[in-house]
Amino acid sequence: MEVNRAYASKLAKTTELFLLSSQKTLAYSADSLSNKMQDSNWLQTEANRLKFQIDSFNSVVISDNTGLTKAASPETLNLVGRKLTSAGSVRALEEKRAFISEAYISTLKNLIVVLFSPIYGEGQEYLGFVSGSIYLKDDNILKELLGEHYYKNGSYIYVVDREQRILYHPNKARIGEIVTDNTGMARMQETKEGGVLLTNSQGIDMLAGYADVPSTGWIVVTQSPLESSLLPLTGIMEQVILRTMPLAMLAFIFIWFFARAISEPLQQLADKARHINSPNVSVDIENINTWYMESLKLKKALLSGVKLIETQIFELRKDADTDPLTGADNRRSLMFRLNQFSVSEMPFVVLALDIDHFKRVNDTFGHPIGDEVLKRMTDIIRSFSRANDMVARTGGEEFVLVLKSMDVKNAYKIAERLRLAVFEEEFKTVGHISVSIGIAHWRVSDSITIDETLSLADKSLYQAKQNGRNQCVIAS
Ligand SMILES: Nc1nc2c(ncn2[C@@H]2O[C@H](COP(=O)(O)OP(=O)(O)OP(=O)(O)O)[C@@H](O)[C@H]2O)c(=O)[nH]1
């Protein structure tokens, strides 16, 4: 755009110079004719000189103050003796001063621009004018200057006057046309010189540079298609992309690896956080490779969270499985373990134990003392259990001792020893008490359920109570 502006500016200045010097030539000639208006030979010679000495004008006319042609060159125009009625001539006679006309259609039907210079006599009386016409469509210096430019990339030059009439254009047919559909025209008329991105009458985007010719108000426009201006850039862009591609790929791969290395421990930690209740989650978290400080901090936070949860779960589980007074397992826990034994076909013996006349203990010594008896009783029963056996409190003063992998005979011996141990115990405040024990055996070969086994043990216990208490009874 700037290149176009500079070129348009140069052309506009050259045009201005040409017009001013042409006008000076006419003015000088007009001066020399002040006392020669009656000499038609002289006038014709002068007209020929102006026409043929330089190529500024396509025709030269010398008129008197009535518009009558006194001399015209080339003579083939046959204007001598004819009255001039064209717009320029009428204006020249009226204004009696030097000026450059707007473009108009001449008497001879040419599209012309005419330079007028008045002729004054020695007493300053108006005698007529000398005019030089430039035919916009024919050859002349101005056409050489403005009309002929050859570009390969679709650039071209045109000139418009104040009325936006085209004076020069590579397409001759358009000369004389008024431009109406050029989006940059208003701006050009307004600012006189500059650059503008416009859409021309063919709808093509153009980068235009423009400059005005001050003496005529013409605007010289040099414009190039936007697309052809950007075309080299596209090539450069392609080259830049091609050359930077390997580096960009390398950078991309590096970033990808690095991002993966960063995200991997986070991903794994998030995965473990999602399955926080799975077994061994702490070990899994511990094994995650947290190679940078932030992930390490996250791992530690997660581990302490897991530990807290595990502790709480352990506490809750313990609460759910144990009897709060004695710390023995409760009925829920008992059933769970017995079912486990049954599934794994592990034989066991159930001792259902009930304190005799416990109501009396409570009634005599009070409930808190009764509680102490229950706790001590638990300890005694526990002292008869082995590592994988189980002590459960199943009711107020009822207990169950489960003896794993044992036959009834041995179980009975243990039950008897337990009963005696209780009987011999000196309970604090209370003194001696006794227990009754019902014994039931479970084997997979007997095909009885856990509930049936417990029920059998209860029945035997009931039998022991019926038989007078402080004794052991084996289920039949
Ligand atoms: N101190 C205390 N007493 C309890 C608890 N749970 C139940 N008991 C009492 O245990 C007693 C059970 O009485 P009973 O079922 O009549 O049986 P018993 O007096 O032991 O008589 P037999 O079993 O027939 O020998 C009741 O007095 C209950 O209040 C407890 O947690 N603490």
# chains A, B, ... in the order shown; residues from 1 in each chain; ligands from 1
>>> residues_around(residues="Leu93 in chain A", least_positions_apart="5", cutoff="9 Å", atoms="only C-alpha atoms", output="MDAnalysis selection string")
chainID A and resid 64:67 88 118 128:129
>>> write_last_selection(atoms="C-alpha atoms", output="mmCIF file, in the first residue's frame")
data_model
loop_
_atom_site.group_PDB
_atom_site.id
_atom_site.type_symbol
_atom_site.label_atom_id
_atom_site.label_comp_id
_atom_site.auth_asym_id
_atom_site.auth_seq_id
_atom_site.Cartn_x
_atom_site.Cartn_y
_atom_site.Cartn_z
ATOM 1 C CA ASP A 64 -11.304 35.863 -30.370
ATOM 2 C CA ASN A 65 -13.432 37.389 -27.608
ATOM 3 C CA THR A 66 -16.663 36.251 -29.317
ATOM 4 C CA GLY A 67 -15.732 32.578 -29.500
ATOM 5 C CA GLY A 88 -14.955 24.949 -21.853
ATOM 6 C CA PRO A 118 -6.683 34.524 -21.891
ATOM 7 C CA GLY A 128 -9.868 36.054 -26.662
ATOM 8 C CA PHE A 129 -8.010 32.944 -25.592
#
>>> residues_around(residues="Thr364 in chain A", least_positions_apart="5", cutoff="12 Å", atoms="only C-alpha atoms", output="JSON, numbers by chain")
{"A": [357, 358, 359, 369, 370, 429, 430, 431]}
>>> write_last_selection(atoms="C-alpha atoms", output="PDB file, in the first residue's frame")
ATOM      1  CA  HIS A 357     -29.712 -66.864  89.489  1.00  0.00           C
ATOM      2  CA  PHE A 358     -28.028 -63.770  88.269  1.00  0.00           C
ATOM      3  CA  LYS A 359     -31.155 -61.776  89.015  1.00  0.00           C
ATOM      4  CA  ILE A 369     -21.828 -55.012  90.883  1.00  0.00           C
ATOM      5  CA  GLY A 370     -23.709 -57.281  88.473  1.00  0.00           C
ATOM      6  CA  THR A 429     -18.493 -58.410  96.881  1.00  0.00           C
ATOM      7  CA  VAL A 430     -20.680 -61.208  95.520  1.00  0.00           C
ATOM      8  CA  GLY A 431     -18.685 -64.270  96.520  1.00  0.00           C
TER       9      GLY A 431
END
>>> residues_near_ligand(ligand="ligand 1", cutoff="7 Å", atoms="only C-alpha atoms and all ligand atoms", output="VMD selection string")
chain A and resid 354 to 360 362 367 to 371 374 395 to 397 465
>>> residues_around(residues="Tyr158 in chain A", least_positions_apart="5", cutoff="8 Å", atoms="only C-alpha atoms", output="list in words")
Leu146, Gly147, Ile166, Leu167, Tyr168, His169, Pro170, Val220, Val221 and Thr222 of chain A
>>> residues_around(residues="Ser229 in chain A", least_positions_apart="6", cutoff="10 Å", atoms="only C-alpha atoms", output="PyMOL selection string")
chain A and resi 1+153-155+206-207
>>> write_last_selection(atoms="C-alpha atoms", output="short mmCIF file (atom, residue, chain, number, x, y, z; two decimals), in the first residue's frame")
data_model
loop_
_atom_site.label_atom_id
_atom_site.label_comp_id
_atom_site.auth_asym_id
_atom_site.auth_seq_id
_atom_site.Cartn_x
_atom_site.Cartn_y
_atom_site.Cartn_z
CA MET A 1 0.00 0.00 0.00
CA ASN A 153 0.71 -8.97 -10.69
CA GLY A 154 -2.59 -7.33 -11.64
CA SER A 155 -1.62 -3.85 -10.44
CA MET A 206 -7.24 -3.90 -3.65
CA LEU A 207 -4.42 -2.21 -1.78
#
>>> residues_around(residues="range 290-295 of chain A", least_positions_apart="2", cutoff="9 Å", atoms="only C-alpha atoms", output="PyMOL selection string")
chain A and resi 261-262+264-266+269+287-288+297-300
>>> write_last_selection(atoms="N, CA and C atoms", output="PDB file, in the first residue's frame")
ATOM      1  N   ALA A 261       4.890 -37.473  32.519  1.00  0.00           N
ATOM      2  CA  ALA A 261       5.650 -37.788  33.731  1.00  0.00           C
ATOM      3  C   ALA A 261       5.071 -37.045  34.933  1.00  0.00           C
ATOM      4  N   ILE A 262       4.579 -35.833  34.688  1.00  0.00           N
ATOM      5  CA  ILE A 262       3.992 -35.060  35.796  1.00  0.00           C
ATOM      6  C   ILE A 262       2.638 -35.626  36.175  1.00  0.00           C
ATOM      7  N   GLU A 264       1.357 -38.618  35.619  1.00  0.00           N
ATOM      8  CA  GLU A 264       1.235 -40.029  35.966  1.00  0.00           C
ATOM      9  C   GLU A 264       1.036 -40.270  37.474  1.00  0.00           C
ATOM     10  N   PRO A 265       1.925 -39.724  38.332  1.00  0.00           N
ATOM     11  CA  PRO A 265       1.691 -39.963  39.769  1.00  0.00           C
ATOM     12  C   PRO A 265       0.368 -39.387  40.242  1.00  0.00           C
ATOM     13  N   LEU A 266      -0.033 -38.239  39.646  1.00  0.00           N
ATOM     14  CA  LEU A 266      -1.318 -37.634  40.046  1.00  0.00           C
ATOM     15  C   LEU A 266      -2.469 -38.559  39.667  1.00  0.00           C
ATOM     16  N   LEU A 269      -2.462 -41.481  42.014  1.00  0.00           N
ATOM     17  CA  LEU A 269      -2.970 -41.094  43.340  1.00  0.00           C
ATOM     18  C   LEU A 269      -4.490 -40.926  43.290  1.00  0.00           C
ATOM     19  N   ASN A 287       3.777 -47.271  47.094  1.00  0.00           N
ATOM     20  CA  ASN A 287       4.599 -47.699  45.953  1.00  0.00           C
ATOM     21  C   ASN A 287       4.557 -46.751  44.762  1.00  0.00           C
ATOM     22  N   ILE A 288       3.681 -45.736  44.808  1.00  0.00           N
ATOM     23  CA  ILE A 288       3.597 -44.806  43.667  1.00  0.00           C
ATOM     24  C   ILE A 288       4.853 -43.934  43.653  1.00  0.00           C
ATOM     25  N   LYS A 297       4.036 -34.429  48.384  1.00  0.00           N
ATOM     26  CA  LYS A 297       3.182 -33.848  49.436  1.00  0.00           C
ATOM     27  C   LYS A 297       1.770 -34.427  49.350  1.00  0.00           C
ATOM     28  N   LEU A 298       1.302 -34.549  48.105  1.00  0.00           N
ATOM     29  CA  LEU A 298      -0.036 -35.089  47.887  1.00  0.00           C
ATOM     30  C   LEU A 298      -0.112 -36.539  48.389  1.00  0.00           C
ATOM     31  N   LYS A 299       0.944 -37.294  48.102  1.00  0.00           N
ATOM     32  CA  LYS A 299       0.975 -38.695  48.534  1.00  0.00           C
ATOM     33  C   LYS A 299       0.906 -38.787  50.062  1.00  0.00           C
ATOM     34  N   LYS A 300       1.717 -37.931  50.713  1.00  0.00           N
ATOM     35  CA  LYS A 300       1.732 -37.969  52.174  1.00  0.00           C
ATOM     36  C   LYS A 300       0.357 -37.613  52.733  1.00  0.00           C
TER      37      LYS A 300
END
>>> closest_residue(among="A:Ser342, A:Ser460, A:Asn470, A:Thr394", to="Glu424 in chain A", atoms="only C-alpha atoms")
A:Asn470
>>> residues_around(residues="Val349 in chain A", least_positions_apart="6", cutoff="6 Å", atoms="only C-alpha atoms", output="PyMOL selection string")
chain A and resi 402-403+440-441
>>> residues_around(residues="Arg49 in chain A", least_positions_apart="2", cutoff="12 Å", atoms="only C-alpha atoms", output="MDAnalysis selection string")
chainID A and resid 25:26 29 42:47 51:57 59:61 71:74 132
>>> write_last_selection(atoms="C-alpha atoms", output="CSV table (one decimal), in the first residue's frame")
chain,number,residue,atom,x,y,z
A,25,THR,CA,3.7,27.7,-22.4
A,26,LEU,CA,0.1,28.8,-23.2
A,29,SER,CA,2.1,32.4,-26.2
A,42,TRP,CA,0.8,34.6,-37.4
A,43,LEU,CA,-2.0,33.0,-35.3
A,44,GLN,CA,-1.9,29.8,-37.4
A,45,THR,CA,1.9,29.6,-37.1
A,46,GLU,CA,1.6,30.0,-33.4
A,47,ALA,CA,-1.1,27.4,-33.1
A,51,LYS,CA,0.7,21.8,-31.3
A,52,PHE,CA,3.8,20.3,-33.0
A,53,GLN,CA,6.7,21.7,-31.0
A,54,ILE,CA,5.9,19.5,-28.1
A,55,ASP,CA,3.4,16.7,-27.7
A,56,SER,CA,1.5,18.3,-24.8
A,57,PHE,CA,-1.7,19.0,-26.8
A,59,SER,CA,-5.1,20.3,-30.6
A,60,VAL,CA,-4.6,24.0,-30.2
A,61,VAL,CA,-7.3,26.6,-30.8
A,71,ALA,CA,-6.6,29.6,-35.8
A,72,ALA,CA,-6.6,25.8,-35.1
A,73,SER,CA,-4.0,23.1,-35.3
A,74,PRO,CA,-4.0,20.6,-36.8
A,132,GLY,CA,-4.6,23.5,-25.7
>>> closest_residue(among="A:Ala415, A:Ile100, A:Met390, A:Ile157", to="Asn4 in chain A", atoms="only C-alpha atoms")
A:Ile157
>>> closest_residue(among="A:Val160, A:Val130, A:Ile141, A:Ile255", to="Glu102 in chain A", atoms="only C-alpha atoms")
A:Val160
>>> select_by_dssp(residues="range 258-404 of chain A", states="helix (DSSP H, G or I)", output="ChimeraX atom specification")
/A:258-274,281-286,293-321,331-343,358-365,367-382
>>> write_last_selection(atoms="C-alpha atoms", output="PDB file, in the first residue's frame")
ATOM      1  CA  PHE A 258       7.118 -34.208  30.510  1.00  0.00           C
ATOM      2  CA  ALA A 259       3.387 -33.684  30.938  1.00  0.00           C
ATOM      3  CA  ARG A 260       2.905 -37.449  31.140  1.00  0.00           C
ATOM      4  CA  ALA A 261       5.650 -37.788  33.731  1.00  0.00           C
ATOM      5  CA  ILE A 262       3.992 -35.060  35.796  1.00  0.00           C
ATOM      6  CA  SER A 263       0.473 -36.350  35.432  1.00  0.00           C
ATOM      7  CA  GLU A 264       1.235 -40.029  35.966  1.00  0.00           C
ATOM      8  CA  PRO A 265       1.691 -39.963  39.769  1.00  0.00           C
ATOM      9  CA  LEU A 266      -1.318 -37.634  40.046  1.00  0.00           C
ATOM     10  CA  GLN A 267      -3.354 -40.025  37.957  1.00  0.00           C
ATOM     11  CA  GLN A 268      -2.299 -42.979  40.107  1.00  0.00           C
ATOM     12  CA  LEU A 269      -2.970 -41.094  43.340  1.00  0.00           C
ATOM     13  CA  ALA A 270      -6.410 -40.085  42.045  1.00  0.00           C
ATOM     14  CA  ASP A 271      -7.080 -43.703  41.098  1.00  0.00           C
ATOM     15  CA  LYS A 272      -6.175 -44.910  44.573  1.00  0.00           C
ATOM     16  CA  ALA A 273      -8.236 -42.129  46.155  1.00  0.00           C
ATOM     17  CA  ARG A 274     -11.218 -43.436  44.171  1.00  0.00           C
ATOM     18  CA  VAL A 281      -4.510 -49.304  49.463  1.00  0.00           C
ATOM     19  CA  SER A 282      -1.838 -47.861  51.781  1.00  0.00           C
ATOM     20  CA  VAL A 283       0.839 -50.127  50.311  1.00  0.00           C
ATOM     21  CA  ASP A 284      -0.270 -49.291  46.783  1.00  0.00           C
ATOM     22  CA  ILE A 285      -0.074 -45.567  47.515  1.00  0.00           C
ATOM     23  CA  GLU A 286       3.314 -46.025  49.142  1.00  0.00           C
ATOM     24  CA  MET A 293       7.832 -32.310  45.592  1.00  0.00           C
ATOM     25  CA  GLU A 294       4.157 -31.486  44.978  1.00  0.00           C
ATOM     26  CA  SER A 295       3.190 -35.076  44.193  1.00  0.00           C
ATOM     27  CA  LEU A 296       5.138 -36.246  47.237  1.00  0.00           C
ATOM     28  CA  LYS A 297       3.182 -33.848  49.436  1.00  0.00           C
ATOM     29  CA  LEU A 298      -0.036 -35.089  47.887  1.00  0.00           C
ATOM     30  CA  LYS A 299       0.975 -38.695  48.534  1.00  0.00           C
ATOM     31  CA  LYS A 300       1.732 -37.969  52.174  1.00  0.00           C
ATOM     32  CA  ALA A 301      -1.594 -36.168  52.601  1.00  0.00           C
ATOM     33  CA  LEU A 302      -3.412 -39.085  50.978  1.00  0.00           C
ATOM     34  CA  LEU A 303      -1.597 -41.621  53.158  1.00  0.00           C
ATOM     35  CA  SER A 304      -2.457 -39.801  56.377  1.00  0.00           C
ATOM     36  CA  GLY A 305      -6.059 -39.563  55.141  1.00  0.00           C
ATOM     37  CA  VAL A 306      -6.125 -43.298  54.436  1.00  0.00           C
ATOM     38  CA  LYS A 307      -4.624 -44.030  57.847  1.00  0.00           C
ATOM     39  CA  LEU A 308      -7.280 -41.902  59.536  1.00  0.00           C
ATOM     40  CA  ILE A 309     -10.037 -43.650  57.623  1.00  0.00           C
ATOM     41  CA  GLU A 310      -8.575 -47.089  58.391  1.00  0.00           C
ATOM     42  CA  THR A 311      -8.403 -46.265  62.109  1.00  0.00           C
ATOM     43  CA  GLN A 312     -11.963 -45.012  62.090  1.00  0.00           C
ATOM     44  CA  ILE A 313     -13.183 -48.039  60.149  1.00  0.00           C
ATOM     45  CA  PHE A 314     -11.354 -50.320  62.584  1.00  0.00           C
ATOM     46  CA  GLU A 315     -12.978 -48.554  65.536  1.00  0.00           C
ATOM     47  CA  LEU A 316     -16.408 -48.688  63.943  1.00  0.00           C
ATOM     48  CA  ARG A 317     -15.979 -52.348  63.075  1.00  0.00           C
ATOM     49  CA  LYS A 318     -14.889 -53.101  66.615  1.00  0.00           C
ATOM     50  CA  ASP A 319     -17.902 -51.217  67.971  1.00  0.00           C
ATOM     51  CA  ALA A 320     -20.188 -53.086  65.618  1.00  0.00           C
ATOM     52  CA  ASP A 321     -18.717 -56.497  66.536  1.00  0.00           C
ATOM     53  CA  ARG A 331     -24.195 -62.043  68.455  1.00  0.00           C
ATOM     54  CA  ARG A 332     -23.622 -60.477  65.009  1.00  0.00           C
ATOM     55  CA  SER A 333     -19.926 -61.245  65.166  1.00  0.00           C
ATOM     56  CA  LEU A 334     -20.643 -64.748  66.503  1.00  0.00           C
ATOM     57  CA  MET A 335     -22.931 -65.575  63.585  1.00  0.00           C
ATOM     58  CA  PHE A 336     -20.399 -64.241  61.097  1.00  0.00           C
ATOM     59  CA  ARG A 337     -17.599 -66.447  62.478  1.00  0.00           C
ATOM     60  CA  LEU A 338     -19.805 -69.534  62.738  1.00  0.00           C
ATOM     61  CA  ASN A 339     -20.856 -69.071  59.128  1.00  0.00           C
ATOM     62  CA  GLN A 340     -17.204 -68.814  58.136  1.00  0.00           C
ATOM     63  CA  PHE A 341     -16.492 -72.100  59.938  1.00  0.00           C
ATOM     64  CA  SER A 342     -19.450 -73.729  58.279  1.00  0.00           C
ATOM     65  CA  VAL A 343     -18.434 -72.537  54.786  1.00  0.00           C
ATOM     66  CA  PHE A 358     -28.028 -63.770  88.269  1.00  0.00           C
ATOM     67  CA  LYS A 359     -31.155 -61.776  89.015  1.00  0.00           C
ATOM     68  CA  ARG A 360     -30.395 -62.316  92.661  1.00  0.00           C
ATOM     69  CA  VAL A 361     -26.922 -60.808  92.247  1.00  0.00           C
ATOM     70  CA  ASN A 362     -28.432 -57.681  90.771  1.00  0.00           C
ATOM     71  CA  ASP A 363     -31.191 -57.556  93.277  1.00  0.00           C
ATOM     72  CA  THR A 364     -28.843 -58.085  96.240  1.00  0.00           C
ATOM     73  CA  PHE A 365     -25.793 -56.068  95.261  1.00  0.00           C
ATOM     74  CA  HIS A 367     -26.652 -53.445  88.893  1.00  0.00           C
ATOM     75  CA  PRO A 368     -23.067 -52.036  88.871  1.00  0.00           C
ATOM     76  CA  ILE A 369     -21.828 -55.012  90.883  1.00  0.00           C
ATOM     77  CA  GLY A 370     -23.709 -57.281  88.473  1.00  0.00           C
ATOM     78  CA  ASP A 371     -21.767 -55.598  85.633  1.00  0.00           C
ATOM     79  CA  GLU A 372     -18.488 -56.307  87.374  1.00  0.00           C
ATOM     80  CA  VAL A 373     -19.473 -59.977  87.665  1.00  0.00           C
ATOM     81  CA  LEU A 374     -20.225 -60.066  83.928  1.00  0.00           C
ATOM     82  CA  LYS A 375     -16.805 -58.602  83.122  1.00  0.00           C
ATOM     83  CA  ARG A 376     -14.970 -61.021  85.387  1.00  0.00           C
ATOM     84  CA  MET A 377     -17.009 -63.879  83.965  1.00  0.00           C
ATOM     85  CA  THR A 378     -15.836 -62.873  80.473  1.00  0.00           C
ATOM     86  CA  ASP A 379     -12.213 -63.004  81.590  1.00  0.00           C
ATOM     87  CA  ILE A 380     -12.680 -66.465  83.061  1.00  0.00           C
ATOM     88  CA  ILE A 381     -14.358 -67.804  79.908  1.00  0.00           C
ATOM     89  CA  ARG A 382     -11.661 -66.157  77.772  1.00  0.00           C
TER      90      ARG A 382
END
>>> atom_distance(atom1="CA of Gln223 in chain A", atom2="CA of Val159 in chain A")
11.3 Å
>>> decode(residues="range 244-257 of chain A", atoms="N, CA and C atoms", output="PDB file, in the first residue's frame")
ATOM      1  N   THR A 244      10.244 -24.921  10.753  1.00  0.00           N
ATOM      2  CA  THR A 244      10.097 -24.989  12.214  1.00  0.00           C
ATOM      3  C   THR A 244       9.431 -26.295  12.660  1.00  0.00           C
ATOM      4  N   MET A 245       8.879 -27.015  11.670  1.00  0.00           N
ATOM      5  CA  MET A 245       8.133 -28.232  12.009  1.00  0.00           C
ATOM      6  C   MET A 245       8.942 -29.237  12.842  1.00  0.00           C
ATOM      7  N   PRO A 246      10.177 -29.585  12.407  1.00  0.00           N
ATOM      8  CA  PRO A 246      10.923 -30.584  13.207  1.00  0.00           C
ATOM      9  C   PRO A 246      11.133 -30.125  14.645  1.00  0.00           C
ATOM     10  N   LEU A 247      11.486 -28.840  14.784  1.00  0.00           N
ATOM     11  CA  LEU A 247      11.721 -28.315  16.136  1.00  0.00           C
ATOM     12  C   LEU A 247      10.422 -28.327  16.942  1.00  0.00           C
ATOM     13  N   ALA A 248       9.343 -27.931  16.258  1.00  0.00           N
ATOM     14  CA  ALA A 248       8.036 -27.905  16.933  1.00  0.00           C
ATOM     15  C   ALA A 248       7.635 -29.315  17.356  1.00  0.00           C
ATOM     16  N   MET A 249       7.910 -30.298  16.470  1.00  0.00           N
ATOM     17  CA  MET A 249       7.570 -31.682  16.791  1.00  0.00           C
ATOM     18  C   MET A 249       8.364 -32.160  18.006  1.00  0.00           C
ATOM     19  N   LEU A 250       9.666 -31.817  17.975  1.00  0.00           N
ATOM     20  CA  LEU A 250      10.537 -32.198  19.088  1.00  0.00           C
ATOM     21  C   LEU A 250      10.022 -31.600  20.393  1.00  0.00           C
ATOM     22  N   ALA A 251       9.684 -30.291  20.297  1.00  0.00           N
ATOM     23  CA  ALA A 251       9.188 -29.594  21.488  1.00  0.00           C
ATOM     24  C   ALA A 251       7.899 -30.249  21.954  1.00  0.00           C
ATOM     25  N   PHE A 252       7.054 -30.605  20.977  1.00  0.00           N
ATOM     26  CA  PHE A 252       5.773 -31.225  21.315  1.00  0.00           C
ATOM     27  C   PHE A 252       5.985 -32.566  22.029  1.00  0.00           C
ATOM     28  N   ILE A 253       6.922 -33.369  21.469  1.00  0.00           N
ATOM     29  CA  ILE A 253       7.192 -34.689  22.073  1.00  0.00           C
ATOM     30  C   ILE A 253       7.746 -34.510  23.488  1.00  0.00           C
ATOM     31  N   PHE A 254       8.666 -33.551  23.606  1.00  0.00           N
ATOM     32  CA  PHE A 254       9.256 -33.295  24.926  1.00  0.00           C
ATOM     33  C   PHE A 254       8.161 -32.883  25.925  1.00  0.00           C
ATOM     34  N   ILE A 255       7.301 -31.956  25.487  1.00  0.00           N
ATOM     35  CA  ILE A 255       6.226 -31.480  26.374  1.00  0.00           C
ATOM     36  C   ILE A 255       5.297 -32.636  26.736  1.00  0.00           C
ATOM     37  N   TRP A 256       5.031 -33.480  25.724  1.00  0.00           N
ATOM     38  CA  TRP A 256       4.124 -34.614  25.944  1.00  0.00           C
ATOM     39  C   TRP A 256       4.701 -35.573  26.998  1.00  0.00           C
ATOM     40  N   PHE A 257       6.003 -35.893  26.832  1.00  0.00           N
ATOM     41  CA  PHE A 257       6.650 -36.779  27.802  1.00  0.00           C
ATOM     42  C   PHE A 257       6.646 -36.179  29.199  1.00  0.00           C
TER      43      PHE A 257
END
